[in-house]
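> My structure is in input11.tsv, and what it holds is TSV, C-alpha atoms and all ligand atoms:
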```tsv
chain	number	residue	atom	x	y	z
H	1137	MET	CA	7.70	-4.48	-5.18
H	1138	ARG	CA	9.91	-1.39	-5.68
H	1139	CYS	CA	11.20	-1.27	-9.24
H	1140	PRO	CA	15.00	-0.93	-9.55
H	1141	PHE	CA	14.69	0.74	-12.97
H	1142	ALA	CA	12.37	3.49	-11.81
H	1143	ALA	CA	15.10	6.10	-11.41
H	1144	VAL	CA	16.28	5.44	-14.97
H	1145	ALA	CA	12.74	5.71	-16.31
H	1146	VAL	CA	12.14	9.00	-14.52
H	1147	SER	CA	15.42	10.48	-15.84
H	1148	MET	CA	14.44	9.50	-19.40
H	1149	ILE	CA	11.12	11.27	-18.95
H	1150	LEU	CA	12.80	14.37	-17.55
H	1151	ILE	CA	15.25	14.49	-20.47
H	1152	ALA	CA	12.36	14.20	-22.92
H	1153	LEU	CA	10.33	16.87	-21.16
H	1154	ALA	CA	13.33	19.19	-20.97
H	1155	ALA	CA	13.67	18.78	-24.75
H	1156	GLY	CA	10.30	20.43	-25.17
H	1157	CYS	CA	8.11	17.36	-25.04
H	1158	GLY	CA	5.36	18.55	-22.72
H	1159	GLY	CA	2.30	20.66	-22.29
H	1160	THR	CA	0.45	20.43	-25.59
H	1161	PRO	CA	-2.52	18.29	-26.47
H	1162	GLU	CA	-0.73	16.29	-29.15
H	1163	SER	CA	1.35	13.20	-28.61
H	1164	VAL	CA	4.82	14.10	-27.42
H	1165	GLY	CA	6.46	10.82	-26.55
H	1166	THR	CA	9.70	9.20	-27.57
H	1167	GLY	CA	11.13	5.72	-27.26
H	1168	SER	CA	10.04	3.13	-24.77
H	1169	THR	CA	8.46	5.61	-22.36
H	1170	ASN	CA	6.19	6.90	-25.13
H	1171	SER	CA	2.92	6.38	-23.32
H	1172	SER	CA	4.11	8.22	-20.22
H	1173	LEU	CA	5.02	11.35	-22.22
H	1174	GLN	CA	1.77	11.87	-24.05
H	1175	SER	CA	-0.38	14.81	-23.20
H	1176	PHE	CA	-4.15	14.53	-23.32
H	1177	PHE	CA	-7.05	16.78	-24.12
H	1178	ALA	CA	-10.68	15.71	-24.28
H	1179	PRO	CA	-12.76	18.49	-25.85
H	1180	GLY	CA	-16.17	19.44	-24.47
H	1181	ASP	CA	-17.53	19.68	-20.97
H	1182	ALA	CA	-19.12	16.24	-20.66
H	1183	SER	CA	-18.36	14.48	-17.39
H	1184	LEU	CA	-16.43	11.24	-17.04
H	1185	ALA	CA	-19.73	9.50	-16.23
H	1186	ALA	CA	-21.38	10.81	-19.40
H	1187	ARG	CA	-18.45	9.83	-21.61
H	1188	ALA	CA	-18.31	6.35	-20.07
H	1189	SER	CA	-22.04	5.89	-20.23
H	1190	ALA	CA	-22.07	6.78	-23.94
H	1191	LYS	CA	-20.08	3.55	-24.37
H	1192	GLY	CA	-22.15	1.44	-21.98
H	1193	ILE	CA	-19.54	1.76	-19.23
H	1194	VAL	CA	-20.28	2.87	-15.67
H	1195	TYR	CA	-17.86	5.41	-14.15
H	1196	GLY	CA	-17.78	6.32	-10.49
H	1197	ALA	CA	-15.53	6.67	-7.46
H	1198	ALA	CA	-15.13	5.52	-3.90
H	1199	THR	CA	-15.70	8.05	-1.18
H	1200	THR	CA	-16.48	8.77	2.46
H	1201	PRO	CA	-18.99	10.92	4.38
H	1202	ASN	CA	-16.04	13.08	5.45
H	1203	ALA	CA	-15.11	13.97	1.86
H	1204	LEU	CA	-18.74	14.60	0.91
H	1205	ALA	CA	-19.06	17.07	3.80
H	1206	ASP	CA	-16.85	19.34	1.65
H	1207	ALA	CA	-19.42	21.06	-0.56
H	1208	ARG	CA	-17.02	21.63	-3.46
H	1209	PHE	CA	-16.07	17.97	-3.45
H	1210	ALA	CA	-19.70	16.85	-3.23
H	1211	THR	CA	-20.63	18.99	-6.22
H	1212	ALA	CA	-17.74	17.65	-8.28
H	1213	PHE	CA	-18.56	14.07	-7.23
H	1214	ALA	CA	-22.20	14.35	-8.30
H	1215	ALA	CA	-21.13	15.95	-11.58
H	1216	GLU	CA	-18.45	13.43	-12.59
H	1217	CYS	CA	-19.80	10.12	-11.24
H	1218	LYS	CA	-22.62	7.71	-11.96
H	1219	VAL	CA	-21.83	5.29	-9.13
H	1220	LEU	CA	-20.79	5.89	-5.53
H	1221	VAL	CA	-18.57	3.20	-3.99
H	1222	THR	CA	-18.42	2.88	-0.20
H	1223	GLU	CA	-14.69	3.27	0.49
H	1224	ASN	CA	-14.81	2.14	4.13
H	1225	ALA	CA	-18.38	2.51	5.40
H	1226	LEU	CA	-19.47	-1.07	4.67
H	1227	LYS	CA	-16.31	-2.82	5.84
H	1228	TRP	CA	-17.22	-5.02	8.77
H	1229	ARG	CA	-14.71	-3.45	11.16
H	1230	ASP	CA	-16.17	-0.02	10.34
H	1231	LEU	CA	-19.73	-1.27	10.92
H	1232	SER	CA	-19.23	-3.21	14.11
H	1233	ALA	CA	-17.53	-2.02	17.31
H	1234	THR	CA	-18.83	-4.76	19.59
H	1235	PRO	CA	-19.84	-8.38	18.87
H	1236	TYR	CA	-22.68	-8.60	16.38
H	1237	SER	CA	-23.61	-4.90	16.71
H	1238	TYR	CA	-24.02	-2.81	13.54
H	1239	ASP	CA	-23.92	0.93	12.99
H	1240	PHE	CA	-25.04	1.71	9.44
H	1241	SER	CA	-25.10	5.49	9.82
H	1242	ALA	CA	-22.08	6.20	7.58
H	1243	ALA	CA	-23.28	3.81	4.86
H	1244	ASP	CA	-26.81	5.18	5.06
H	1245	ALA	CA	-25.48	8.74	4.68
H	1246	LEU	CA	-23.63	7.66	1.52
H	1247	LEU	CA	-26.74	5.94	0.17
H	1248	SER	CA	-28.80	9.03	0.83
H	1249	PHE	CA	-26.26	11.20	-1.08
H	1250	ALA	CA	-26.27	8.68	-3.94
H	1251	ARG	CA	-30.06	8.63	-4.15
H	1252	SER	CA	-30.48	12.38	-4.01
H	1253	HIS	CA	-27.98	12.77	-6.87
H	1254	ASN	CA	-29.31	9.91	-8.96
H	1255	LEU	CA	-26.17	7.80	-8.51
H	1256	THR	CA	-26.12	4.03	-8.21
H	1257	PHE	CA	-24.57	2.52	-5.08
H	1258	ARG	CA	-21.79	-0.06	-4.85
H	1259	GLY	CA	-20.82	-2.03	-1.74
H	1260	HIS	CA	-17.26	-2.75	-0.71
H	1261	THR	CA	-16.59	-5.30	0.85
H	1262	LEU	CA	-18.25	-8.23	2.64
H	1263	VAL	CA	-15.50	-10.78	3.24
H	1264	SER	CA	-11.86	-9.80	3.44
H	1265	HIS	CA	-8.79	-10.92	5.33
H	1266	ASP	CA	-8.14	-7.46	6.76
H	1267	THR	CA	-11.55	-5.97	7.52
H	1268	VAL	CA	-12.82	-8.20	10.31
H	1269	PRO	CA	-13.72	-6.35	13.53
H	1270	GLY	CA	-11.45	-6.22	16.57
H	1271	TRP	CA	-13.72	-8.62	18.48
H	1272	PHE	CA	-13.61	-11.26	15.72
H	1273	GLN	CA	-10.67	-13.30	16.95
H	1274	ALA	CA	-12.02	-13.84	20.46
H	1275	THR	CA	-15.56	-14.53	19.31
H	1276	VAL	CA	-15.52	-16.51	16.07
H	1277	THR	CA	-14.58	-20.19	16.22
H	1278	PRO	CA	-14.45	-23.06	13.71
H	1279	GLU	CA	-17.81	-24.15	15.16
H	1280	ASN	CA	-19.72	-20.88	14.67
H	1281	ALA	CA	-17.76	-19.37	11.74
H	1282	GLN	CA	-20.12	-20.48	8.99
H	1283	GLN	CA	-23.12	-19.13	10.84
H	1284	VAL	CA	-21.31	-15.84	11.55
H	1285	LEU	CA	-20.30	-15.47	7.89
H	1286	ARG	CA	-23.83	-16.14	6.68
H	1287	GLY	CA	-25.36	-13.89	9.34
H	1288	HIS	CA	-23.05	-10.99	8.47
H	1289	ILE	CA	-23.76	-11.25	4.75
H	1290	ALA	CA	-27.52	-11.72	5.22
H	1291	GLY	CA	-27.73	-8.68	7.50
H	1292	VAL	CA	-25.60	-6.26	5.48
H	1293	VAL	CA	-26.63	-7.32	1.98
H	1294	GLY	CA	-30.26	-7.69	3.04
H	1295	ARG	CA	-30.35	-4.13	4.38
H	1296	TYR	CA	-29.48	-2.67	0.95
H	1297	ALA	CA	-31.15	-5.36	-1.18
H	1298	GLY	CA	-32.49	-4.03	-4.46
H	1299	GLN	CA	-30.50	-0.81	-4.11
H	1300	MET	CA	-26.99	-2.04	-4.98
H	1301	HIS	CA	-25.39	-1.91	-8.40
H	1302	SER	CA	-22.83	-4.46	-7.21
H	1303	TRP	CA	-21.14	-5.93	-4.16
H	1304	ASP	CA	-17.52	-6.90	-3.62
H	1305	VAL	CA	-18.37	-10.22	-1.98
H	1306	VAL	CA	-14.84	-11.50	-1.40
H	1307	ASN	CA	-11.71	-9.34	-1.44
H	1308	GLU	CA	-8.07	-10.40	-1.93
H	1309	ALA	CA	-8.51	-14.13	-1.23
H	1310	VAL	CA	-5.48	-15.03	-3.39
H	1311	GLU	CA	-1.90	-14.63	-2.15
H	1312	PRO	CA	0.50	-17.01	-3.92
H	1313	SER	CA	3.40	-16.13	-1.63
H	1314	GLU	CA	1.64	-17.98	1.20
H	1315	LEU	CA	2.08	-21.27	-0.71
H	1316	GLU	CA	-1.36	-22.73	0.04
H	1317	PRO	CA	-3.08	-24.97	-2.53
H	1318	GLY	CA	-4.67	-22.89	-5.28
H	1319	GLY	CA	-2.59	-19.87	-4.27
H	1320	LEU	CA	-5.21	-18.97	-1.65
H	1321	ARG	CA	-4.39	-16.64	1.23
H	1322	GLY	CA	-3.87	-19.10	4.08
H	1323	SER	CA	-3.51	-16.35	6.66
H	1324	SER	CA	-7.06	-15.09	6.07
H	1325	PRO	CA	-9.13	-15.68	9.21
H	1326	TRP	CA	-11.87	-17.08	6.98
H	1327	TYR	CA	-9.54	-19.60	5.36
H	1328	ARG	CA	-8.20	-20.65	8.75
H	1329	LEU	CA	-11.71	-21.15	10.15
H	1330	LEU	CA	-13.58	-22.56	7.16
H	1331	GLY	CA	-10.99	-23.67	4.59
H	1332	PRO	CA	-11.19	-22.75	0.89
H	1333	GLY	CA	-14.98	-23.28	0.77
H	1334	TYR	CA	-15.64	-19.93	2.46
H	1335	ILE	CA	-15.45	-18.15	-0.89
H	1336	GLU	CA	-18.27	-20.08	-2.53
H	1337	GLN	CA	-20.32	-19.94	0.69
H	1338	ALA	CA	-20.00	-16.15	0.71
H	1339	PHE	CA	-21.25	-15.80	-2.89
H	1340	ARG	CA	-24.21	-18.09	-2.21
H	1341	ALA	CA	-25.18	-16.13	0.91
H	1342	ALA	CA	-24.92	-12.80	-0.96
H	1343	ALA	CA	-27.11	-14.05	-3.82
H	1344	GLU	CA	-29.75	-15.23	-1.38
H	1345	ALA	CA	-29.81	-11.84	0.34
H	1346	ASP	CA	-29.90	-9.75	-2.87
H	1347	PRO	CA	-30.67	-11.63	-6.07
H	1348	LYS	CA	-30.40	-8.40	-8.10
H	1349	ALA	CA	-26.88	-7.14	-7.27
H	1350	LEU	CA	-23.89	-7.99	-9.46
H	1351	LEU	CA	-21.64	-10.14	-7.28
H	1352	VAL	CA	-17.93	-9.47	-7.64
H	1353	TYR	CA	-14.66	-11.15	-6.65
H	1354	ASN	CA	-12.19	-8.28	-6.11
H	1355	GLU	CA	-8.40	-8.66	-6.38
H	1356	ASN	CA	-5.15	-6.68	-6.54
H	1357	TRP	CA	-1.66	-6.98	-8.14
H	1358	LEU	CA	-2.67	-8.34	-11.55
H	1359	GLU	CA	-0.98	-5.86	-13.91
H	1360	TYR	CA	2.79	-6.42	-14.09
H	1361	ASP	CA	5.22	-8.73	-15.85
H	1362	THR	CA	6.75	-9.98	-12.58
H	1363	PRO	CA	6.66	-13.70	-11.65
H	1364	TYR	CA	4.46	-12.78	-8.67
H	1365	CYS	CA	1.79	-11.12	-10.82
H	1366	GLY	CA	1.92	-14.02	-13.28
H	1367	GLN	CA	1.25	-16.46	-10.45
H	1368	LYS	CA	-1.49	-14.25	-9.13
H	1369	ARG	CA	-3.27	-14.04	-12.50
H	1370	GLY	CA	-3.04	-17.83	-12.81
H	1371	ALA	CA	-4.40	-18.47	-9.31
H	1372	VAL	CA	-7.25	-15.97	-9.78
H	1373	LEU	CA	-8.24	-17.62	-13.07
H	1374	ASP	CA	-8.22	-21.04	-11.38
H	1375	LEU	CA	-10.38	-19.74	-8.56
H	1376	LEU	CA	-12.88	-18.10	-10.92
H	1377	ALA	CA	-13.06	-21.24	-13.08
H	1378	LYS	CA	-13.72	-23.40	-10.00
H	1379	LEU	CA	-16.45	-21.05	-8.75
H	1380	LYS	CA	-18.14	-21.06	-12.17
H	1381	ALA	CA	-17.85	-24.85	-12.47
H	1382	ALA	CA	-19.50	-25.21	-9.04
H	1383	GLY	CA	-22.39	-23.02	-10.19
H	1384	ALA	CA	-21.57	-20.28	-7.66
H	1385	PRO	CA	-23.47	-17.01	-8.25
H	1386	ILE	CA	-20.46	-14.90	-9.25
H	1387	HIS	CA	-20.91	-12.31	-11.98
H	1388	ALA	CA	-17.72	-10.29	-12.29
H	1389	LEU	CA	-14.04	-9.96	-11.48
H	1390	GLY	CA	-13.06	-6.69	-9.83
H	1391	ILE	CA	-9.55	-5.55	-10.70
H	1392	GLN	CA	-8.41	-3.06	-8.07
H	1393	ALA	CA	-5.70	-1.43	-10.22
H	1394	HIS	CA	-3.92	0.63	-7.59
H	1395	LEU	CA	-1.26	1.35	-10.18
H	1396	ASP	CA	2.28	2.06	-9.04
H	1397	ALA	CA	3.89	4.61	-11.37
H	1398	ASP	CA	7.36	3.04	-11.23
H	1399	LEU	CA	6.07	-0.42	-11.99
H	1400	MET	CA	3.73	0.82	-14.71
H	1401	LEU	CA	6.62	2.59	-16.47
H	1402	GLN	CA	8.84	-0.48	-16.50
H	1403	ASN	CA	6.76	-3.57	-15.83
H	1404	PHE	CA	3.22	-3.11	-17.17
H	1405	ASP	CA	2.43	-6.42	-18.85
H	1406	ALA	CA	0.04	-5.10	-21.50
H	1407	VAL	CA	0.07	-8.41	-23.40
H	1408	GLY	CA	-0.25	-10.71	-20.37
H	1409	PHE	CA	-2.86	-8.47	-18.74
H	1410	ARG	CA	-4.92	-8.26	-21.94
H	1411	ALA	CA	-4.78	-12.04	-22.38
H	1412	PHE	CA	-5.87	-12.42	-18.76
H	1413	LEU	CA	-8.92	-10.20	-19.41
H	1414	SER	CA	-9.91	-12.40	-22.38
H	1415	LYS	CA	-9.65	-15.52	-20.27
H	1416	VAL	CA	-11.83	-14.01	-17.54
H	1417	ALA	CA	-14.40	-12.96	-20.15
H	1418	ALA	CA	-14.33	-16.47	-21.65
H	1419	LEU	CA	-15.54	-17.80	-18.30
H	1420	GLY	CA	-18.71	-15.77	-18.82
H	1421	LEU	CA	-17.75	-13.09	-16.31
H	1422	LYS	CA	-17.89	-9.32	-16.58
H	1423	ILE	CA	-14.91	-7.25	-15.42
H	1424	MET	CA	-14.89	-4.08	-13.36
H	1425	ILE	CA	-11.87	-1.84	-12.71
H	1426	THR	CA	-12.74	-1.18	-9.10
H	1427	GLU	CA	-10.11	0.92	-7.30
H	1428	LEU	CA	-8.12	2.75	-9.95
H	1429	ASP	CA	-5.49	5.31	-8.90
H	1430	VAL	CA	-1.82	6.00	-9.70
H	1431	ARG	CA	0.79	6.10	-6.93
H	1432	ASP	CA	3.14	9.00	-7.64
H	1433	ARG	CA	5.31	8.84	-4.55
H	1434	ASN	CA	8.61	8.38	-6.43
H	1435	LEU	CA	7.89	10.63	-9.41
H	1436	PRO	CA	9.60	14.03	-9.84
H	1437	ALA	CA	8.48	16.84	-7.55
H	1438	ASP	CA	7.34	19.20	-10.31
H	1439	ALA	CA	3.55	18.94	-10.35
H	1440	ASP	CA	3.11	19.36	-14.10
H	1441	THR	CA	5.73	16.73	-14.92
H	1442	ARG	CA	4.17	14.39	-12.42
H	1443	ASP	CA	0.69	15.00	-13.79
H	1444	ALA	CA	1.87	14.25	-17.33
H	1445	ILE	CA	3.36	10.91	-16.27
H	1446	VAL	CA	0.33	9.95	-14.19
H	1447	ALA	CA	-1.99	10.85	-17.10
H	1448	GLY	CA	0.06	8.68	-19.46
H	1449	ILE	CA	-0.28	5.75	-17.09
H	1450	TYR	CA	-4.05	6.16	-16.80
H	1451	HIS	CA	-4.39	6.30	-20.57
H	1452	LYS	CA	-2.16	3.35	-21.29
H	1453	PHE	CA	-3.84	1.17	-18.67
H	1454	LEU	CA	-7.40	2.09	-19.68
H	1455	SER	CA	-6.68	1.69	-23.40
H	1456	VAL	CA	-5.67	-1.90	-22.73
H	1457	ALA	CA	-8.45	-2.59	-20.20
H	1458	LEU	CA	-11.25	-1.04	-22.25
H	1459	SER	CA	-10.22	-2.96	-25.37
H	1460	GLU	CA	-11.89	-5.93	-23.64
H	1461	PRO	CA	-15.67	-5.59	-24.12
H	1462	ALA	CA	-16.37	-7.48	-20.88
H	1463	VAL	CA	-15.04	-4.46	-18.93
H	1464	ILE	CA	-18.28	-2.70	-17.94
H	1465	ALA	CA	-17.20	-0.34	-15.16
H	1466	VAL	CA	-14.33	1.88	-14.09
H	1467	GLU	CA	-14.20	3.26	-10.56
H	1468	THR	CA	-11.40	5.41	-9.21
H	1469	TRP	CA	-10.45	5.13	-5.53
H	1470	GLY	CA	-11.35	8.70	-4.71
H	1471	LEU	CA	-11.87	11.56	-7.14
H	1472	SER	CA	-9.69	14.48	-6.07
H	1473	ASP	CA	-6.13	14.60	-4.79
H	1474	ASN	CA	-7.06	15.96	-1.35
H	1475	TYR	CA	-9.18	12.93	-0.42
H	1476	THR	CA	-7.08	9.86	-1.13
H	1477	TRP	CA	-5.77	6.97	0.91
H	1478	ASN	CA	-2.40	7.50	-0.83
H	1479	SER	CA	-1.70	10.54	1.38
H	1480	THR	CA	-1.58	8.22	4.38
H	1481	TYR	CA	-0.48	4.90	2.92
H	1482	TYR	CA	1.90	5.99	0.13
H	1483	PRO	CA	3.10	9.51	0.97
H	1484	ARG	CA	6.00	11.17	-0.81
H	1485	SER	CA	9.32	11.36	1.02
H	1486	ASP	CA	9.69	15.04	0.00
H	1487	GLY	CA	6.48	15.83	1.89
H	1488	LEU	CA	4.70	17.21	-1.20
H	1489	PRO	CA	1.01	16.31	-1.54
H	1490	VAL	CA	0.35	13.26	-3.72
H	1491	ARG	CA	-1.45	13.75	-7.06
H	1492	PRO	CA	-2.96	10.34	-7.91
H	1493	LEU	CA	-6.51	11.21	-9.07
H	1494	PRO	CA	-8.42	12.91	-11.93
H	1495	LEU	CA	-9.20	16.19	-10.09
H	1496	ASP	CA	-6.81	18.41	-8.14
H	1497	ASP	CA	-7.54	19.69	-4.65
H	1498	ALA	CA	-9.47	22.65	-6.09
H	1499	MET	CA	-11.67	20.20	-8.10
H	1500	LYS	CA	-10.00	21.29	-11.34
H	1501	ARG	CA	-9.75	18.69	-14.07
H	1502	LYS	CA	-6.14	17.50	-14.36
H	1503	ARG	CA	-4.24	15.89	-17.22
H	1504	ALA	CA	-5.32	12.57	-15.68
H	1505	TRP	CA	-8.97	13.59	-16.10
H	1506	HIS	CA	-8.34	14.27	-19.79
H	1507	ALA	CA	-6.51	10.97	-20.19
H	1508	ILE	CA	-9.41	9.03	-18.66
H	1509	ALA	CA	-11.95	11.03	-20.68
H	1510	GLN	CA	-10.03	10.32	-23.89
H	1511	ALA	CA	-9.86	6.60	-23.07
H	1512	PHE	CA	-13.66	6.55	-22.64
H	1513	ASP	CA	-14.18	8.59	-25.82
H	1514	SER	CA	-12.15	6.14	-27.87
H	1515	ALA	CA	-13.52	2.94	-26.27
H	1516	ALA	CA	-15.79	0.72	-28.35
H	1517	PRO	CA	-19.42	0.64	-27.20
H	1518	ARG	CA	-20.51	-2.36	-25.16
V	1	LIG	C1	-8.38	1.50	2.03
V	1	LIG	C2	-9.08	2.82	2.31
V	1	LIG	O1	-8.99	3.64	1.18
V	1	LIG	C3	-8.45	3.49	3.53
V	1	LIG	O2	-9.17	4.67	3.85
V	1	LIG	C4	-8.45	2.52	4.69
V	1	LIG	O3	-7.84	3.11	5.79
V	1	LIG	C5	-7.73	1.25	4.32
V	1	LIG	O4	-8.36	0.69	3.18
V	1	LIG	N1	-7.71	-2.27	-1.38
V	1	LIG	C6	-8.99	-2.35	-0.89
V	1	LIG	C7	-9.55	-1.21	-0.11
V	1	LIG	O5	-9.72	-3.30	-1.22
V	1	LIG	O6	-10.46	-1.65	0.88
V	1	LIG	C8	-8.47	-0.36	0.53
V	1	LIG	O7	-9.12	0.82	1.05
V	1	LIG	C9	-7.42	-0.01	-0.50
V	1	LIG	C10	-6.76	-1.24	-1.04
```
Do you think you could lay out the structure here as structure tokens?
Ligand code: XIL

Amino acid sequence: MRCPFAAVAVSMILIALAAGCGGTPESVGTGSTNSSLQSFFAPGDASLAARASAKGIVYGAATTPNALADARFATAFAAECKVLVTENALKWRDLSATPYSYDFSAADALLSFARSHNLTFRGHTLVSHDTVPGWFQATVTPENAQQVLRGHIAGVVGRYAGQMHSWDVVNEAVEPSELEPGGLRGSSPWYRLLGPGYIEQAFRAAAEADPKALLVYNENWLEYDTPYCGQKRGAVLDLLAKLKAAGAPIHALGIQAHLDADLMLQNFDAVGFRAFLSKVAALGLKIMITELDVRDRNLPADADTRDAIVAGIYHKFLSVALSEPAVIAVETWGLSDNYTWNSTYYPRSDGLPVRPLPLDDAMKRKRAWHAIAQAFDSAAPR
């Protein structure tokens, strides 16, 4: 997925910045990289949550008990967010060390933080190819798989019933490169055990356990103009249409949006992505941007240059996404640069800390914060 034109794009940005195109609130772009060279400034002190909520949009972030143990982070989180997303605490492998055992202490700690700061709570994720516990393979068989799936969902969803804004019921079930019918991920343990029907079964079990939560299908790699992303958008639409036609209790599509800076600079398919959003909305579904962040691992080392490019990407993406009225929520995957999965999964080769999120490691609002704030300020109400 590495973009061969990224080096060219970055040099164009550097040339433009060297020519004096950076650092002020006004638009400073040139040519095809225009959006990446803008600088952003959202006046006033209002938080991201307040700006989003003024438009009927929910803003929040994913986090962990470890991050919230940092008092400065916790204060910033409560100030900027309206929803707390469980980054890992409700994944099955994080809940269950031994067969059928559950330890909810991390999730309960997050819920308690959310309640005491008047935040809503969002669960991630019930059924995924890569979050089953270590004991799963030796214990779950084609004979007991349906019962295990239903039992897991009933237990976890039931525990937080009535307290969840939304649940990611099924995560990343589509993988066109695996060449299964419908573009489904054939290597998923659930697909291997139960066939394609596991997706609908999961939504039905979640609705039984919590009739109030918004039930979400959550997916990645939907944003670019590559053949792969085109296939993925098509397969996701087919899946959503089938679930709706079967009367499955599905309410929204979650778009992860872990944006890769290189790909966003060269391959963001604004037209195809926008058309995709309309088609999802036409199925009667809401849309949530569920895991937004910007991977900066190949961007220039200079922090201010990097921040300007990252901010431009946030603004461009959100301007397109929020132009669809069915988009009702935006959640970033983390809030500040010192607590992000990118440090581990997508580190920079020069060893510098990554800068993918709206706040820096001192909880200061970055250019990205202003870009997101501006996108909320100019979004139409919904
Ligand atoms: C990531 C977490 O952020 C990491 O802390 C963890 O080690 C691995 O998973 N898409 C998803 C999330 O749906 O569950 C992933 O979260 C990020 C990609």
> Check which residues of region 1233-1281 of chain H sit at most 12 Å from region 1178-1198 of chain H using only C-alpha atoms, and return one row each with the closest pair of atoms and their distance in Å to one decimal, ordered by chain and rising number, as a tab-separated table.

```
residue	atom	partner	partner_atom	distance
H:Leu1246	CA	H:Ala1198	CA	10.3
H:Ala1250	CA	H:Gly1196	CA	11.0
H:Leu1255	CA	H:Gly1196	CA	8.7
H:Thr1256	CA	H:Gly1196	CA	8.9
H:Phe1257	CA	H:Gly1196	CA	9.5
H:Arg1258	CA	H:Ala1198	CA	8.7
H:Gly1259	CA	H:Ala1198	CA	9.7
H:His1260	CA	H:Ala1198	CA	9.1
H:Thr1261	CA	H:Ala1198	CA	11.9
```
> Quick one: distance from CA of Thr1480 (chain H) to CA of Ala1393 (chain H) in Å, one decimal?
18.0 Å
> Dump the neighbourhood of ligand LIG 1 (chain V) as a list in words: all residues within 7 Å, distances computed on all atoms listed in the file.
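After applying the 7 Å limit, what remains is Glu1223, Asn1224, Asn1307, Gln1392, Thr1476 and Trp1477 of chain H.
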> So how far away is CA of Ala1245 (chain H) from CA of Gly1287 (chain H), in Å?
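According to the coordinates, CA of Gly1287 (chain H) and CA of Ala1245 (chain H) are separated by 23.1 Å.
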> Neighbouring residues of Pro1201 (chain H) were defined as those with any atom within 10 Å, considering all atoms listed in the file; residues of the same chain fewer than 3 positions away were excluded. Please report them as a PyMOL selection string.
chain H and resi 1204-1206+1210+1222-1225+1241-1246+1249
> Deliver the residues from the most recent selection as a file, using C-alpha atoms, as an mmCIF file, in the frame of the given file.

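Below is the file selection02.cif, written as the result:
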```cif
data_model
loop_
_atom_site.group_PDB
_atom_site.id
_atom_site.type_symbol
_atom_site.label_atom_id
_atom_site.label_comp_id
_atom_site.auth_asym_id
_atom_site.auth_seq_id
_atom_site.Cartn_x
_atom_site.Cartn_y
_atom_site.Cartn_z
ATOM 1 C CA LEU H 1204 -18.740 14.600 0.910
ATOM 2 C CA ALA H 1205 -19.060 17.070 3.800
ATOM 3 C CA ASP H 1206 -16.850 19.340 1.650
ATOM 4 C CA ALA H 1210 -19.700 16.850 -3.230
ATOM 5 C CA THR H 1222 -18.420 2.880 -0.200
ATOM 6 C CA GLU H 1223 -14.690 3.270 0.490
ATOM 7 C CA ASN H 1224 -14.810 2.140 4.130
ATOM 8 C CA ALA H 1225 -18.380 2.510 5.400
ATOM 9 C CA SER H 1241 -25.100 5.490 9.820
ATOM 10 C CA ALA H 1242 -22.080 6.200 7.580
ATOM 11 C CA ALA H 1243 -23.280 3.810 4.860
ATOM 12 C CA ASP H 1244 -26.810 5.180 5.060
ATOM 13 C CA ALA H 1245 -25.480 8.740 4.680
ATOM 14 C CA LEU H 1246 -23.630 7.660 1.520
ATOM 15 C CA PHE H 1249 -26.260 11.200 -1.080
#
```
> I need the residue nearest Gly1333 (chain H) from this list: H:Gln1282, H:Asn1254, H:Gln1273, H:Ser1514. Use only C-alpha atoms for the distance.
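Between H:Gln1282, H:Asn1254, H:Gln1273, H:Ser1514, the residue approaching Gly1333 (chain H) most closely is H:Gln1282.
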> For Leu1231 (chain H), which of H:Lys1422, H:His1288, H:Arg1503, H:Arg1484 is the closest residue, counting only C-alpha atoms?
H:His1288
> Go through region 1407-1491 of chain H and flag each residue having an atom no more than 10 Å from region 1354-1364 of chain H; for those, report the closest pair of atoms plus their distance in Å to one decimal, using only C-alpha atoms, ordered by chain and rising number, as a Markdown table.

```
| residue | atom | partner | partner_atom | distance |
| --- | --- | --- | --- | --- |
| H:Val1407 | CA | H:Asp1361 | CA | 9.1 |
| H:Gly1408 | CA | H:Asp1361 | CA | 7.4 |
| H:Phe1409 | CA | H:Glu1359 | CA | 5.8 |
| H:Arg1410 | CA | H:Glu1359 | CA | 9.3 |
| H:Phe1412 | CA | H:Leu1358 | CA | 8.9 |
| H:Ile1423 | CA | H:Asn1354 | CA | 9.8 |
| H:Met1424 | CA | H:Asn1354 | CA | 8.8 |
| H:Ile1425 | CA | H:Asn1354 | CA | 9.2 |
| H:Thr1426 | CA | H:Asn1354 | CA | 7.7 |
| H:Glu1427 | CA | H:Asn1356 | CA | 9.1 |
| H:Phe1453 | CA | H:Glu1359 | CA | 9.0 |
```
> One decimal, in Å: what's the spacing between CA of Asp1396 (chain H) and CA of Val1430 (chain H)?
5.7 Å
> Using all atoms listed in the file, collect all residues at a distance of at most 12 Å from (-11.1, -9.3, 14.1) as written in the file, then present them as a PyMOL selection string.
chain H and resi 1227-1230+1232-1236+1263-1277+1324-1326
> Show me, as JSON, the centre and edge lengths in Å to one decimal of the axis-aligned box that covers every listed atom of region 1337-1341 of chain H with 8 Å on each side.

```
{"center_x": -22.6, "center_y": -17.9, "center_z": -1.0, "size_x": 21.2, "size_y": 20.1, "size_z": 19.8}
```
> Closest to Ile1335 (chain H) among H:Val1292, H:Ala1349, H:Leu1262, H:Leu1419, using only C-alpha atoms?
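Once distances to Ile1335 (chain H) are computed over only C-alpha atoms, the minimum belongs to H:Leu1262.
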> Can you work out which one of H:Val1305, H:Cys1365, H:Val1293, H:Ala1397 has the shortest atom-to-atom distance to Arg1442 (chain H), counting only C-alpha atoms?
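Closest to Arg1442 (chain H), using only C-alpha atoms: H:Ala1397.
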